[in-house]
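Chemist: Here's a structure for you.
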Amino acid sequence: MGSRSSHAAKIPDVDSIRRETGFSQASLLRLYHRFRALDRTGKGYLSRLDLQQIEALAVNPLGDRIIDSFFPDGSLRLDFPGFVRVLAHFRPVDEEEDGNRDPKEPEPLNSRMNKLRFAFQLYDLDRDGKISRHEMLQVLRLMVGVQVTEEQLESIADRTVQEADEDGDGAVSFLEFTKSLEKMNIEQKMSIRILK
Amino acid sequence: MERGAKEKNHQLYKPYTNGIIAKDPTSLEEEIKEIRRSGSSKALDNTPEFELSDIFYFCRKGMETIMDDEVTKRFSAEELESWNLLSRTNYNFQYISLRLTVLWGLGVLIRYCFLLPLRVALAFTGISLLVVGTTMVGYLPNGRFKEFLSKHVHLMCYRICVRALTAIITYHDRKNRPRNGGICVANHTSPIDVIILASDGYYAMVGQVHGGLMGVIQRAMVKACPHVWFERSEVKDRHLVARRLTEHVQDKSKLPILIFPEGTCINNTSVMMFKKGSFEIGATVYPVAIKYDPQFGDAFWNSSKYGMVTYLLRMMTSWAIVCSVWYLPPMTRQAEEDAVQFANRVKSAIARQGGLVDLLWDGGLKREKVKATFKEEQQKLYSKMIVGTQEDRSRS
C-alpha cells in the first residue's frame, strides 16, 4: 500500500492539481497513465495530432471542436494540468461536497455553470460571448454532414436563435443559453461517471 | 416518477459476466431523446427538431473516448470488477477495511514465502533438465530413436515448467491438434503461451536468437530437433524468413511450426491485426485460441513496463494461471482469398472461439474507409432526428 502512493508522486504538482480539479488520487493516477499512453512519442505534452489519432474521436462529428477545446488561445502544446483541467468539467457533481463548499473559494470546475460554459464555447468559436446565427449553422453542419440541405439548416438555425434570443440582438448570449437549458439536468448529462 | 427512476439507474459502465468493466452500448437516438426529455417539460412527440442540448451527447462521447478508447486499452492490463487480493490488479487502490487488508497480508505471506520458492525450484529443475536433456539427445545419431527421445524430453520439461507456474490448463478439441507440415497460429498474451502449447504437443519454435539464458536454451533445443531460430539481422529480411519457413513446412518429417501472428503481446481481451507473413506460405493453418482467466492472475506481459525477470516473478507470485486452450479445425487459403483476407478469417475464428473482441482496426488504407463510414452513419442518424426523412418532410 505504501508502493501505491509513491506512484502519485510521479505526477508533477499533484497537490495543486488536486485542489484545482477536485479529482481523487486514484482518478488522477488513471488520467496520468492515460496522458502518458496518448503521448506516443514521449514528448511530455500532447499535440493536436496525438488526440486526432484516437480512432473513436475521429469519427465523432464534433471531434475537431472537442480537440480545440483542449488548446485554448491557439496554444500548440497540452500539458498534463491542462489536460486534467478540461476533463475536470466532466467530473460528476458530489452533492455533499457542494454543500460543504466555502463560498469565498472559486467555483469548482465541475459546477453547473462551468459545465454550461464549456458547452457554450463549443458553439462560440470566436469567443465573443455570443453564438451568432453563423456559428450555429457551422455546428449544425458539423453534426449533420452532407445529409441536410443548406436551406433546411438555415431555417433550423434561425428558429433556434429566435427561440433562445431574448434581447433581440440576433445572437444567443451565455445568459440566454443558460436560461433555455435551465430545466436540463446538466449535472448528469455532462458527467462521466467513472471520473470521481 | 418513472422518468426520475430511469435517470438514476442510467448506468454508463455495466459489468460483463466475466467480471471485466465495459461500457453499456446505447444508441445515438436513445441518448439524445433522453437528454431532450430531461430538459423540456413539453410532451415529446416524434416531430424532428433541433435542441441546443443535442450537443451534449457528442461532447460527452468525445470526452469518453479521450479518456479511454478501444485500441489503446488493449495494451494495458485488464481491469477486474472484483479484487482478487493481488495488489497489482488493484488499479485504483482505495483502503476498504481492516479485514481485507489482513487477508491481503496473509495472501502475500503465502504467495511469497511458500509458493514462490517451490515454483522457483521447479522452474530451475525444468530448465536445467531441458538444457541437459536436449544436449545429450543431440549426441545421438539421427533416427527414429532420437526423435522419440527428443519429443519426450521436451514434453517432460515443459510439463515441469507448467507446474512451476501452477498453470491449470483446460484443453478443448484435442482432435484438432496440429500435425506435421502445418503451421500453428495462436493469439499472444505472454511468453507463457509457448510453454502452455508445447506441453501438450510437439512443435518447432520460431524466433530470434537471444543472448544469455534464453540463448543457451535455444542452442540446446536445436541440437535435439530442428527449430527455426533467426539471427537478428535475418529477421528484417522477410523473404529469407518466408523461405526458411517454407522449407520447414515442406519437409513432412518436421514438426509443425508455432507462430504468434500478432507480433506482440496483447492483453487478452481482444485479437489484433495478424501479420500476413505466416499466411503467405501456403501451408495448412491450425488456429488455436488461448484465453486466460483473469481472476487468478494476470498473465499479460506489458513489455514496456516490465522486463522478463520481473514478469516471471509476478507470474510466480500470483495465485495460479488458469487458462483454456481451444484447438480449432484446420484452415487453408481458398483460391479467391489473398493472404490478408485469409489472415482475417483465421483471426475472426480465434476471436469468436475465445470470446475475445475481434477488432476492426487493421491495415492502413482500410482504416480510412471505416472511419469515414462511421462518421457518416452518425451524421445520418442525427439528421433524421432534426430534419426527418423524405417522407416526413413531404407529409408536413
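In the C-alpha cells, chains take the letters A, B, ... in the order shown, each chain's residues start at 1, and ligands count up from 1 in the order shown.
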Tell me which protein, DNA and RNA residues are within 9 Å of A:Asp167, counting only C-alpha atoms, leaving out same-chain ones fewer than 3 positions away, and put them as a PyMOL selection string.
Modeler: chain A and resi 170-171+176
Chemist: With N, CA, C and O atoms retained, export the selected residues as a PDB file, in the first residue's frame.
Modeler:
ATOM      1  N   GLY A 170     -30.208  39.010 -32.176  1.00  0.00           N
ATOM      2  CA  GLY A 170     -29.925  38.066 -33.248  1.00  0.00           C
ATOM      3  C   GLY A 170     -28.850  37.053 -32.902  1.00  0.00           C
ATOM      4  O   GLY A 170     -28.402  36.306 -33.758  1.00  0.00           O
ATOM      5  N   ALA A 171     -28.442  37.026 -31.633  1.00  0.00           N
ATOM      6  CA  ALA A 171     -27.431  36.042 -31.235  1.00  0.00           C
ATOM      7  C   ALA A 171     -27.798  35.540 -29.840  1.00  0.00           C
ATOM      8  O   ALA A 171     -28.553  36.181 -29.112  1.00  0.00           O
ATOM      9  N   GLU A 176     -28.646  33.809 -22.063  1.00  0.00           N
ATOM     10  CA  GLU A 176     -29.799  33.274 -22.788  1.00  0.00           C
ATOM     11  C   GLU A 176     -29.656  31.763 -22.961  1.00  0.00           C
ATOM     12  O   GLU A 176     -30.626  31.012 -22.864  1.00  0.00           O
TER      13      GLU A 176
END
Chemist: Which residues in stretch 180-365 of chain B does DSSP call helix (DSSP H, G or I)? List them as a PDB file with N, CA, C and O atoms, in the first residue's frame.
Modeler:
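Saved to part_8.pdb:
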ATOM      1  N   ILE B 192       4.464 -17.176 -21.820  1.00  0.00           N
ATOM      2  CA  ILE B 192       4.000 -18.438 -21.242  1.00  0.00           C
ATOM      3  C   ILE B 192       3.159 -19.236 -22.235  1.00  0.00           C
ATOM      4  O   ILE B 192       3.053 -20.452 -22.138  1.00  0.00           O
ATOM      5  N   ASP B 193       2.566 -18.525 -23.212  1.00  0.00           N
ATOM      6  CA  ASP B 193       1.770 -19.210 -24.233  1.00  0.00           C
ATOM      7  C   ASP B 193       2.550 -20.362 -24.840  1.00  0.00           C
ATOM      8  O   ASP B 193       2.003 -21.428 -25.107  1.00  0.00           O
ATOM      9  N   VAL B 194       3.830 -20.133 -25.066  1.00  0.00           N
ATOM     10  CA  VAL B 194       4.679 -21.156 -25.684  1.00  0.00           C
ATOM     11  C   VAL B 194       4.704 -22.403 -24.815  1.00  0.00           C
ATOM     12  O   VAL B 194       4.501 -23.514 -25.297  1.00  0.00           O
ATOM     13  N   ILE B 195       4.938 -22.210 -23.539  1.00  0.00           N
ATOM     14  CA  ILE B 195       5.031 -23.348 -22.630  1.00  0.00           C
ATOM     15  C   ILE B 195       3.695 -24.073 -22.567  1.00  0.00           C
ATOM     16  O   ILE B 195       3.642 -25.298 -22.571  1.00  0.00           O
ATOM     17  N   ILE B 196       2.627 -23.299 -22.550  1.00  0.00           N
ATOM     18  CA  ILE B 196       1.305 -23.929 -22.451  1.00  0.00           C
ATOM     19  C   ILE B 196       1.019 -24.805 -23.662  1.00  0.00           C
ATOM     20  O   ILE B 196       0.555 -25.930 -23.532  1.00  0.00           O
ATOM     21  N   LEU B 197       1.314 -24.283 -24.839  1.00  0.00           N
ATOM     22  CA  LEU B 197       1.030 -25.087 -26.027  1.00  0.00           C
ATOM     23  C   LEU B 197       2.006 -26.238 -26.172  1.00  0.00           C
ATOM     24  O   LEU B 197       1.639 -27.347 -26.548  1.00  0.00           O
ATOM     25  N   ALA B 198       3.268 -25.984 -25.851  1.00  0.00           N
ATOM     26  CA  ALA B 198       4.273 -27.015 -26.091  1.00  0.00           C
ATOM     27  C   ALA B 198       4.175 -28.162 -25.107  1.00  0.00           C
ATOM     28  O   ALA B 198       4.747 -29.221 -25.334  1.00  0.00           O
ATOM     29  N   GLY B 212      22.346 -14.702 -23.505  1.00  0.00           N
ATOM     30  CA  GLY B 212      22.076 -15.073 -22.122  1.00  0.00           C
ATOM     31  C   GLY B 212      21.406 -16.424 -21.981  1.00  0.00           C
ATOM     32  O   GLY B 212      21.584 -17.330 -22.784  1.00  0.00           O
ATOM     33  N   LEU B 213      20.580 -16.518 -20.956  1.00  0.00           N
ATOM     34  CA  LEU B 213      19.963 -17.807 -20.620  1.00  0.00           C
ATOM     35  C   LEU B 213      19.098 -18.328 -21.762  1.00  0.00           C
ATOM     36  O   LEU B 213      19.152 -19.505 -22.122  1.00  0.00           O
ATOM     37  N   MET B 214      18.326 -17.422 -22.350  1.00  0.00           N
ATOM     38  CA  MET B 214      17.471 -17.827 -23.476  1.00  0.00           C
ATOM     39  C   MET B 214      18.313 -18.415 -24.595  1.00  0.00           C
ATOM     40  O   MET B 214      17.942 -19.416 -25.208  1.00  0.00           O
ATOM     41  N   GLY B 215      19.441 -17.787 -24.856  1.00  0.00           N
ATOM     42  CA  GLY B 215      20.311 -18.259 -25.932  1.00  0.00           C
ATOM     43  C   GLY B 215      20.814 -19.668 -25.666  1.00  0.00           C
ATOM     44  O   GLY B 215      20.864 -20.514 -26.562  1.00  0.00           O
ATOM     45  N   VAL B 216      21.200 -19.920 -24.414  1.00  0.00           N
ATOM     46  CA  VAL B 216      21.670 -21.266 -24.053  1.00  0.00           C
ATOM     47  C   VAL B 216      20.574 -22.289 -24.295  1.00  0.00           C
ATOM     48  O   VAL B 216      20.801 -23.351 -24.884  1.00  0.00           O
ATOM     49  N   ILE B 217      19.365 -21.934 -23.853  1.00  0.00           N
ATOM     50  CA  ILE B 217      18.243 -22.865 -24.034  1.00  0.00           C
ATOM     51  C   ILE B 217      17.978 -23.105 -25.520  1.00  0.00           C
ATOM     52  O   ILE B 217      17.802 -24.241 -25.958  1.00  0.00           O
ATOM     53  N   GLN B 218      18.010 -22.016 -26.298  1.00  0.00           N
ATOM     54  CA  GLN B 218      17.740 -22.154 -27.727  1.00  0.00           C
ATOM     55  C   GLN B 218      18.770 -23.045 -28.408  1.00  0.00           C
ATOM     56  O   GLN B 218      18.429 -23.926 -29.190  1.00  0.00           O
ATOM     57  N   ARG B 219      20.034 -22.823 -28.074  1.00  0.00           N
ATOM     58  CA  ARG B 219      21.086 -23.618 -28.723  1.00  0.00           C
ATOM     59  C   ARG B 219      20.968 -25.088 -28.360  1.00  0.00           C
ATOM     60  O   ARG B 219      21.172 -25.968 -29.182  1.00  0.00           O
ATOM     61  N   ALA B 220      20.613 -25.347 -27.098  1.00  0.00           N
ATOM     62  CA  ALA B 220      20.469 -26.741 -26.675  1.00  0.00           C
ATOM     63  C   ALA B 220      19.296 -27.401 -27.383  1.00  0.00           C
ATOM     64  O   ALA B 220      19.392 -28.525 -27.860  1.00  0.00           O
ATOM     65  N   MET B 221      18.168 -26.664 -27.474  1.00  0.00           N
ATOM     66  CA  MET B 221      16.970 -27.246 -28.071  1.00  0.00           C
ATOM     67  C   MET B 221      17.189 -27.624 -29.523  1.00  0.00           C
ATOM     68  O   MET B 221      16.700 -28.644 -29.994  1.00  0.00           O
ATOM     69  N   VAL B 222      17.916 -26.796 -30.230  1.00  0.00           N
ATOM     70  CA  VAL B 222      18.054 -27.044 -31.664  1.00  0.00           C
ATOM     71  C   VAL B 222      18.941 -28.265 -31.933  1.00  0.00           C
ATOM     72  O   VAL B 222      18.905 -28.847 -33.009  1.00  0.00           O
ATOM     73  N   LYS B 223      19.713 -28.698 -30.922  1.00  0.00           N
ATOM     74  CA  LYS B 223      20.526 -29.902 -31.116  1.00  0.00           C
ATOM     75  C   LYS B 223      19.644 -31.129 -31.201  1.00  0.00           C
ATOM     76  O   LYS B 223      19.934 -32.093 -31.904  1.00  0.00           O
ATOM     77  N   ALA B 224      18.559 -31.117 -30.446  1.00  0.00           N
ATOM     78  CA  ALA B 224      17.730 -32.325 -30.367  1.00  0.00           C
ATOM     79  C   ALA B 224      16.771 -32.426 -31.541  1.00  0.00           C
ATOM     80  O   ALA B 224      16.522 -33.493 -32.051  1.00  0.00           O
ATOM     81  N   ARG B 232      19.442 -11.849 -35.538  1.00  0.00           N
ATOM     82  CA  ARG B 232      18.767 -10.551 -35.503  1.00  0.00           C
ATOM     83  C   ARG B 232      18.758  -9.887 -36.872  1.00  0.00           C
ATOM     84  O   ARG B 232      17.785  -9.281 -37.281  1.00  0.00           O
ATOM     85  N   SER B 233      19.852 -10.036 -37.612  1.00  0.00           N
ATOM     86  CA  SER B 233      19.927  -9.380 -38.925  1.00  0.00           C
ATOM     87  C   SER B 233      18.980 -10.036 -39.913  1.00  0.00           C
ATOM     88  O   SER B 233      18.420  -9.391 -40.779  1.00  0.00           O
ATOM     89  N   GLU B 234      18.788 -11.338 -39.775  1.00  0.00           N
ATOM     90  CA  GLU B 234      17.946 -12.054 -40.741  1.00  0.00           C
ATOM     91  C   GLU B 234      16.473 -11.701 -40.578  1.00  0.00           C
ATOM     92  O   GLU B 234      15.691 -11.787 -41.510  1.00  0.00           O
ATOM     93  N   VAL B 235      16.103 -11.305 -39.372  1.00  0.00           N
ATOM     94  CA  VAL B 235      14.681 -11.061 -39.105  1.00  0.00           C
ATOM     95  C   VAL B 235      14.121  -9.976 -40.016  1.00  0.00           C
ATOM     96  O   VAL B 235      12.988 -10.020 -40.458  1.00  0.00           O
ATOM     97  N   LYS B 236      14.958  -8.986 -40.350  1.00  0.00           N
ATOM     98  CA  LYS B 236      14.477  -7.876 -41.173  1.00  0.00           C
ATOM     99  C   LYS B 236      14.160  -8.350 -42.593  1.00  0.00           C
ATOM    100  O   LYS B 236      13.317  -7.784 -43.274  1.00  0.00           O
ATOM    101  N   ARG B 238      12.375 -10.228 -44.975  1.00  0.00           N
ATOM    102  CA  ARG B 238      11.137 -11.004 -44.976  1.00  0.00           C
ATOM    103  C   ARG B 238      11.209 -12.209 -45.882  1.00  0.00           C
ATOM    104  O   ARG B 238      10.629 -13.242 -45.600  1.00  0.00           O
ATOM    105  N   HIS B 239      11.903 -12.051 -47.006  1.00  0.00           N
ATOM    106  CA  HIS B 239      11.947 -13.173 -47.953  1.00  0.00           C
ATOM    107  C   HIS B 239      12.735 -14.340 -47.385  1.00  0.00           C
ATOM    108  O   HIS B 239      12.363 -15.501 -47.555  1.00  0.00           O
ATOM    109  N   LEU B 240      13.812 -14.005 -46.694  1.00  0.00           N
ATOM    110  CA  LEU B 240      14.611 -15.060 -46.084  1.00  0.00           C
ATOM    111  C   LEU B 240      13.798 -15.827 -45.065  1.00  0.00           C
ATOM    112  O   LEU B 240      13.788 -17.056 -45.026  1.00  0.00           O
ATOM    113  N   VAL B 241      13.079 -15.060 -44.254  1.00  0.00           N
ATOM    114  CA  VAL B 241      12.228 -15.680 -43.227  1.00  0.00           C
ATOM    115  C   VAL B 241      11.202 -16.591 -43.890  1.00  0.00           C
ATOM    116  O   VAL B 241      11.023 -17.750 -43.504  1.00  0.00           O
ATOM    117  N   ALA B 242      10.530 -16.048 -44.911  1.00  0.00           N
ATOM    118  CA  ALA B 242       9.491 -16.827 -45.595  1.00  0.00           C
ATOM    119  C   ALA B 242      10.081 -18.093 -46.195  1.00  0.00           C
ATOM    120  O   ALA B 242       9.496 -19.170 -46.118  1.00  0.00           O
ATOM    121  N   ARG B 243      11.293 -17.953 -46.772  1.00  0.00           N
ATOM    122  CA  ARG B 243      11.906 -19.120 -47.426  1.00  0.00           C
ATOM    123  C   ARG B 243      12.216 -20.212 -46.411  1.00  0.00           C
ATOM    124  O   ARG B 243      11.919 -21.384 -46.614  1.00  0.00           O
ATOM    125  N   ARG B 244      12.805 -19.820 -45.295  1.00  0.00           N
ATOM    126  CA  ARG B 244      13.160 -20.832 -44.291  1.00  0.00           C
ATOM    127  C   ARG B 244      11.931 -21.524 -43.737  1.00  0.00           C
ATOM    128  O   ARG B 244      11.914 -22.726 -43.513  1.00  0.00           O
ATOM    129  N   LEU B 245      10.861 -20.730 -43.519  1.00  0.00           N
ATOM    130  CA  LEU B 245       9.637 -21.336 -43.002  1.00  0.00           C
ATOM    131  C   LEU B 245       9.047 -22.298 -44.027  1.00  0.00           C
ATOM    132  O   LEU B 245       8.578 -23.379 -43.679  1.00  0.00           O
ATOM    133  N   THR B 246       9.047 -21.881 -45.300  1.00  0.00           N
ATOM    134  CA  THR B 246       8.502 -22.754 -46.344  1.00  0.00           C
ATOM    135  C   THR B 246       9.275 -24.054 -46.406  1.00  0.00           C
ATOM    136  O   THR B 246       8.696 -25.130 -46.497  1.00  0.00           O
ATOM    137  N   GLU B 247      10.619 -23.946 -46.361  1.00  0.00           N
ATOM    138  CA  GLU B 247      11.438 -25.167 -46.380  1.00  0.00           C
ATOM    139  C   GLU B 247      11.040 -26.087 -45.246  1.00  0.00           C
ATOM    140  O   GLU B 247      10.931 -27.298 -45.412  1.00  0.00           O
ATOM    141  N   HIS B 248      10.812 -25.494 -44.099  1.00  0.00           N
ATOM    142  CA  HIS B 248      10.489 -26.304 -42.929  1.00  0.00           C
ATOM    143  C   HIS B 248       9.160 -27.024 -43.084  1.00  0.00           C
ATOM    144  O   HIS B 248       9.048 -28.216 -42.803  1.00  0.00           O
ATOM    145  N   VAL B 249       8.136 -26.301 -43.543  1.00  0.00           N
ATOM    146  CA  VAL B 249       6.831 -26.964 -43.609  1.00  0.00           C
ATOM    147  C   VAL B 249       6.774 -27.990 -44.723  1.00  0.00           C
ATOM    148  O   VAL B 249       6.000 -28.943 -44.653  1.00  0.00           O
ATOM    149  N   GLN B 250       7.600 -27.791 -45.760  1.00  0.00           N
ATOM    150  CA  GLN B 250       7.515 -28.744 -46.856  1.00  0.00           C
ATOM    151  C   GLN B 250       8.107 -30.088 -46.481  1.00  0.00           C
ATOM    152  O   GLN B 250       7.754 -31.114 -47.055  1.00  0.00           O
ATOM    153  N   LYS B 276       0.656 -10.737 -42.031  1.00  0.00           N
ATOM    154  CA  LYS B 276       0.267 -11.717 -43.041  1.00  0.00           C
ATOM    155  C   LYS B 276       1.367 -12.695 -43.421  1.00  0.00           C
ATOM    156  O   LYS B 276       1.112 -13.646 -44.132  1.00  0.00           O
ATOM    157  N   GLY B 277       2.585 -12.472 -42.978  1.00  0.00           N
ATOM    158  CA  GLY B 277       3.705 -13.309 -43.407  1.00  0.00           C
ATOM    159  C   GLY B 277       3.458 -14.799 -43.302  1.00  0.00           C
ATOM    160  O   GLY B 277       3.668 -15.555 -44.244  1.00  0.00           O
ATOM    161  N   SER B 278       2.956 -15.258 -42.140  1.00  0.00           N
ATOM    162  CA  SER B 278       2.793 -16.702 -41.977  1.00  0.00           C
ATOM    163  C   SER B 278       1.686 -17.247 -42.850  1.00  0.00           C
ATOM    164  O   SER B 278       1.602 -18.450 -43.075  1.00  0.00           O
ATOM    165  N   PHE B 279       0.793 -16.385 -43.340  1.00  0.00           N
ATOM    166  CA  PHE B 279      -0.327 -16.882 -44.118  1.00  0.00           C
ATOM    167  C   PHE B 279      -0.018 -16.935 -45.605  1.00  0.00           C
ATOM    168  O   PHE B 279      -0.830 -17.406 -46.392  1.00  0.00           O
ATOM    169  N   MET B 308      11.702  -9.183 -18.489  1.00  0.00           N
ATOM    170  CA  MET B 308      11.366 -10.597 -18.437  1.00  0.00           C
ATOM    171  C   MET B 308      11.424 -11.151 -17.017  1.00  0.00           C
ATOM    172  O   MET B 308      10.531 -11.872 -16.577  1.00  0.00           O
ATOM    173  N   VAL B 309      12.472 -10.813 -16.293  1.00  0.00           N
ATOM    174  CA  VAL B 309      12.642 -11.394 -14.958  1.00  0.00           C
ATOM    175  C   VAL B 309      11.545 -10.904 -14.011  1.00  0.00           C
ATOM    176  O   VAL B 309      10.943 -11.683 -13.278  1.00  0.00           O
ATOM    177  N   THR B 310      11.268  -9.596 -14.054  1.00  0.00           N
ATOM    178  CA  THR B 310      10.184  -9.049 -13.232  1.00  0.00           C
ATOM    179  C   THR B 310       8.878  -9.736 -13.575  1.00  0.00           C
ATOM    180  O   THR B 310       8.089 -10.085 -12.706  1.00  0.00           O
ATOM    181  N   TYR B 311       8.679  -9.927 -14.866  1.00  0.00           N
ATOM    182  CA  TYR B 311       7.438 -10.559 -15.312  1.00  0.00           C
ATOM    183  C   TYR B 311       7.324 -11.969 -14.757  1.00  0.00           C
ATOM    184  O   TYR B 311       6.283 -12.365 -14.229  1.00  0.00           O
ATOM    185  N   LEU B 312       8.397 -12.752 -14.875  1.00  0.00           N
ATOM    186  CA  LEU B 312       8.342 -14.121 -14.367  1.00  0.00           C
ATOM    187  C   LEU B 312       8.089 -14.142 -12.868  1.00  0.00           C
ATOM    188  O   LEU B 312       7.349 -14.966 -12.353  1.00  0.00           O
ATOM    189  N   LEU B 313       8.697 -13.191 -12.169  1.00  0.00           N
ATOM    190  CA  LEU B 313       8.482 -13.106 -10.733  1.00  0.00           C
ATOM    191  C   LEU B 313       7.018 -12.850 -10.419  1.00  0.00           C
ATOM    192  O   LEU B 313       6.432 -13.459  -9.530  1.00  0.00           O
ATOM    193  N   ARG B 314       6.410 -11.935 -11.181  1.00  0.00           N
ATOM    194  CA  ARG B 314       5.000 -11.648 -10.974  1.00  0.00           C
ATOM    195  C   ARG B 314       4.153 -12.878 -11.241  1.00  0.00           C
ATOM    196  O   ARG B 314       3.215 -13.175 -10.521  1.00  0.00           O
ATOM    197  N   MET B 315       4.513 -13.608 -12.299  1.00  0.00           N
ATOM    198  CA  MET B 315       3.770 -14.820 -12.623  1.00  0.00           C
ATOM    199  C   MET B 315       3.857 -15.821 -11.488  1.00  0.00           C
ATOM    200  O   MET B 315       2.886 -16.453 -11.118  1.00  0.00           O
ATOM    201  N   MET B 316       5.074 -15.962 -10.957  1.00  0.00           N
ATOM    202  CA  MET B 316       5.250 -16.994  -9.930  1.00  0.00           C
ATOM    203  C   MET B 316       4.700 -16.581  -8.584  1.00  0.00           C
ATOM    204  O   MET B 316       4.624 -17.402  -7.684  1.00  0.00           O
ATOM    205  N   ALA B 339      -3.621 -13.212 -48.915  1.00  0.00           N
ATOM    206  CA  ALA B 339      -3.089 -13.554 -47.583  1.00  0.00           C
ATOM    207  C   ALA B 339      -3.776 -12.748 -46.492  1.00  0.00           C
ATOM    208  O   ALA B 339      -4.070 -13.265 -45.415  1.00  0.00           O
ATOM    209  N   VAL B 340      -4.060 -11.469 -46.783  1.00  0.00           N
ATOM    210  CA  VAL B 340      -4.652 -10.612 -45.748  1.00  0.00           C
ATOM    211  C   VAL B 340      -6.051 -11.096 -45.375  1.00  0.00           C
ATOM    212  O   VAL B 340      -6.413 -11.188 -44.202  1.00  0.00           O
ATOM    213  N   GLN B 341      -6.838 -11.452 -46.396  1.00  0.00           N
ATOM    214  CA  GLN B 341      -8.202 -11.917 -46.102  1.00  0.00           C
ATOM    215  C   GLN B 341      -8.171 -13.229 -45.347  1.00  0.00           C
ATOM    216  O   GLN B 341      -8.971 -13.455 -44.435  1.00  0.00           O
ATOM    217  N   PHE B 342      -7.234 -14.096 -45.740  1.00  0.00           N
ATOM    218  CA  PHE B 342      -7.093 -15.371 -45.050  1.00  0.00           C
ATOM    219  C   PHE B 342      -6.738 -15.118 -43.587  1.00  0.00           C
ATOM    220  O   PHE B 342      -7.322 -15.707 -42.672  1.00  0.00           O
ATOM    221  N   ALA B 343      -5.787 -14.197 -43.382  1.00  0.00           N
ATOM    222  CA  ALA B 343      -5.367 -13.888 -42.008  1.00  0.00           C
ATOM    223  C   ALA B 343      -6.550 -13.387 -41.196  1.00  0.00           C
ATOM    224  O   ALA B 343      -6.732 -13.768 -40.036  1.00  0.00           O
ATOM    225  N   ASN B 344      -7.378 -12.540 -41.801  1.00  0.00           N
ATOM    226  CA  ASN B 344      -8.536 -12.012 -41.075  1.00  0.00           C
ATOM    227  C   ASN B 344      -9.547 -13.089 -40.763  1.00  0.00           C
ATOM    228  O   ASN B 344     -10.186 -13.068 -39.706  1.00  0.00           O
ATOM    229  N   ARG B 345      -9.678 -14.038 -41.677  1.00  0.00           N
ATOM    230  CA  ARG B 345     -10.638 -15.121 -41.433  1.00  0.00           C
ATOM    231  C   ARG B 345     -10.197 -15.954 -40.238  1.00  0.00           C
ATOM    232  O   ARG B 345     -11.000 -16.301 -39.360  1.00  0.00           O
ATOM    233  N   VAL B 346      -8.920 -16.260 -40.208  1.00  0.00           N
ATOM    234  CA  VAL B 346      -8.387 -17.032 -39.081  1.00  0.00           C
ATOM    235  C   VAL B 346      -8.538 -16.239 -37.785  1.00  0.00           C
ATOM    236  O   VAL B 346      -8.918 -16.772 -36.745  1.00  0.00           O
ATOM    237  N   LYS B 347      -8.255 -14.941 -37.881  1.00  0.00           N
ATOM    238  CA  LYS B 347      -8.351 -14.089 -36.694  1.00  0.00           C
ATOM    239  C   LYS B 347      -9.769 -14.096 -36.137  1.00  0.00           C
ATOM    240  O   LYS B 347      -9.964 -14.202 -34.928  1.00  0.00           O
ATOM    241  N   SER B 348     -10.779 -13.983 -37.017  1.00  0.00           N
ATOM    242  CA  SER B 348     -12.165 -13.988 -36.534  1.00  0.00           C
ATOM    243  C   SER B 348     -12.503 -15.296 -35.863  1.00  0.00           C
ATOM    244  O   SER B 348     -13.177 -15.318 -34.839  1.00  0.00           O
ATOM    245  N   ALA B 349     -12.018 -16.389 -36.457  1.00  0.00           N
ATOM    246  CA  ALA B 349     -12.338 -17.692 -35.862  1.00  0.00           C
ATOM    247  C   ALA B 349     -11.766 -17.788 -34.459  1.00  0.00           C
ATOM    248  O   ALA B 349     -12.423 -18.252 -33.532  1.00  0.00           O
ATOM    249  N   ILE B 350     -10.527 -17.332 -34.297  1.00  0.00           N
ATOM    250  CA  ILE B 350      -9.889 -17.407 -32.982  1.00  0.00           C
ATOM    251  C   ILE B 350     -10.622 -16.496 -31.997  1.00  0.00           C
ATOM    252  O   ILE B 350     -10.897 -16.867 -30.852  1.00  0.00           O
ATOM    253  N   ALA B 351     -10.965 -15.283 -32.448  1.00  0.00           N
ATOM    254  CA  ALA B 351     -11.632 -14.337 -31.547  1.00  0.00           C
ATOM    255  C   ALA B 351     -12.981 -14.887 -31.103  1.00  0.00           C
ATOM    256  O   ALA B 351     -13.339 -14.822 -29.931  1.00  0.00           O
ATOM    257  N   ARG B 352     -13.704 -15.457 -32.048  1.00  0.00           N
ATOM    258  CA  ARG B 352     -15.034 -15.972 -31.718  1.00  0.00           C
ATOM    259  C   ARG B 352     -14.952 -17.087 -30.691  1.00  0.00           C
ATOM    260  O   ARG B 352     -15.683 -17.124 -29.726  1.00  0.00           O
ATOM    261  N   GLN B 353     -14.007 -18.012 -30.897  1.00  0.00           N
ATOM    262  CA  GLN B 353     -13.915 -19.151 -30.007  1.00  0.00           C
ATOM    263  C   GLN B 353     -13.509 -18.719 -28.604  1.00  0.00           C
ATOM    264  O   GLN B 353     -14.003 -19.223 -27.611  1.00  0.00           O
ATOM    265  N   GLY B 354     -12.552 -17.812 -28.540  1.00  0.00           N
ATOM    266  CA  GLY B 354     -12.017 -17.442 -27.237  1.00  0.00           C
ATOM    267  C   GLY B 354     -12.855 -16.398 -26.530  1.00  0.00           C
ATOM    268  O   GLY B 354     -12.568 -16.022 -25.398  1.00  0.00           O
ATOM    269  N   GLY B 364      -3.510   0.052 -43.058  1.00  0.00           N
ATOM    270  CA  GLY B 364      -3.543   1.490 -43.254  1.00  0.00           C
ATOM    271  C   GLY B 364      -4.737   1.975 -44.042  1.00  0.00           C
ATOM    272  O   GLY B 364      -5.541   2.763 -43.578  1.00  0.00           O
ATOM    273  N   LEU B 365      -4.915   1.487 -45.276  1.00  0.00           N
ATOM    274  CA  LEU B 365      -5.943   2.018 -46.155  1.00  0.00           C
ATOM    275  C   LEU B 365      -7.345   1.717 -45.651  1.00  0.00           C
ATOM    276  O   LEU B 365      -8.211   2.564 -45.670  1.00  0.00           O
TER     277      LEU B 365
END
Chemist: Mind pulling up the distance from atom CA of A:Asp50 to atom CA of B:Lys61?
Modeler: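 Answer for the atom CA of B:Lys61 to atom CA of A:Asp50 separation: 17.8 Å.
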Chemist: Which of these, B:Tyr203, B:Val387, B:His188, B:Pro261, has the shortest distance to B:Ile290 once you count only C-alpha atoms?
Modeler: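 Smallest separation from B:Ile290 among the options: B:His188.
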Chemist: Compile the residues of chain A that lie within 8 Å of chain B, evaluated using only C-alpha atoms, and express the compilation as a ChimeraX atom specification.
Modeler: /A:1,4,26-27,29-31,34,37,51,54-63,66,87,119,143-145,147-148,152,156,160,181-185,189-194
Chemist: Rank B:Cys225, B:Ile259, B:Gly355, B:Arg163 by their smallest atom-to-atom distance to B:Phe148, using only C-alpha atoms, and report the top residue only.
Modeler: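 Smallest distance to B:Phe148 is found for B:Cys225.
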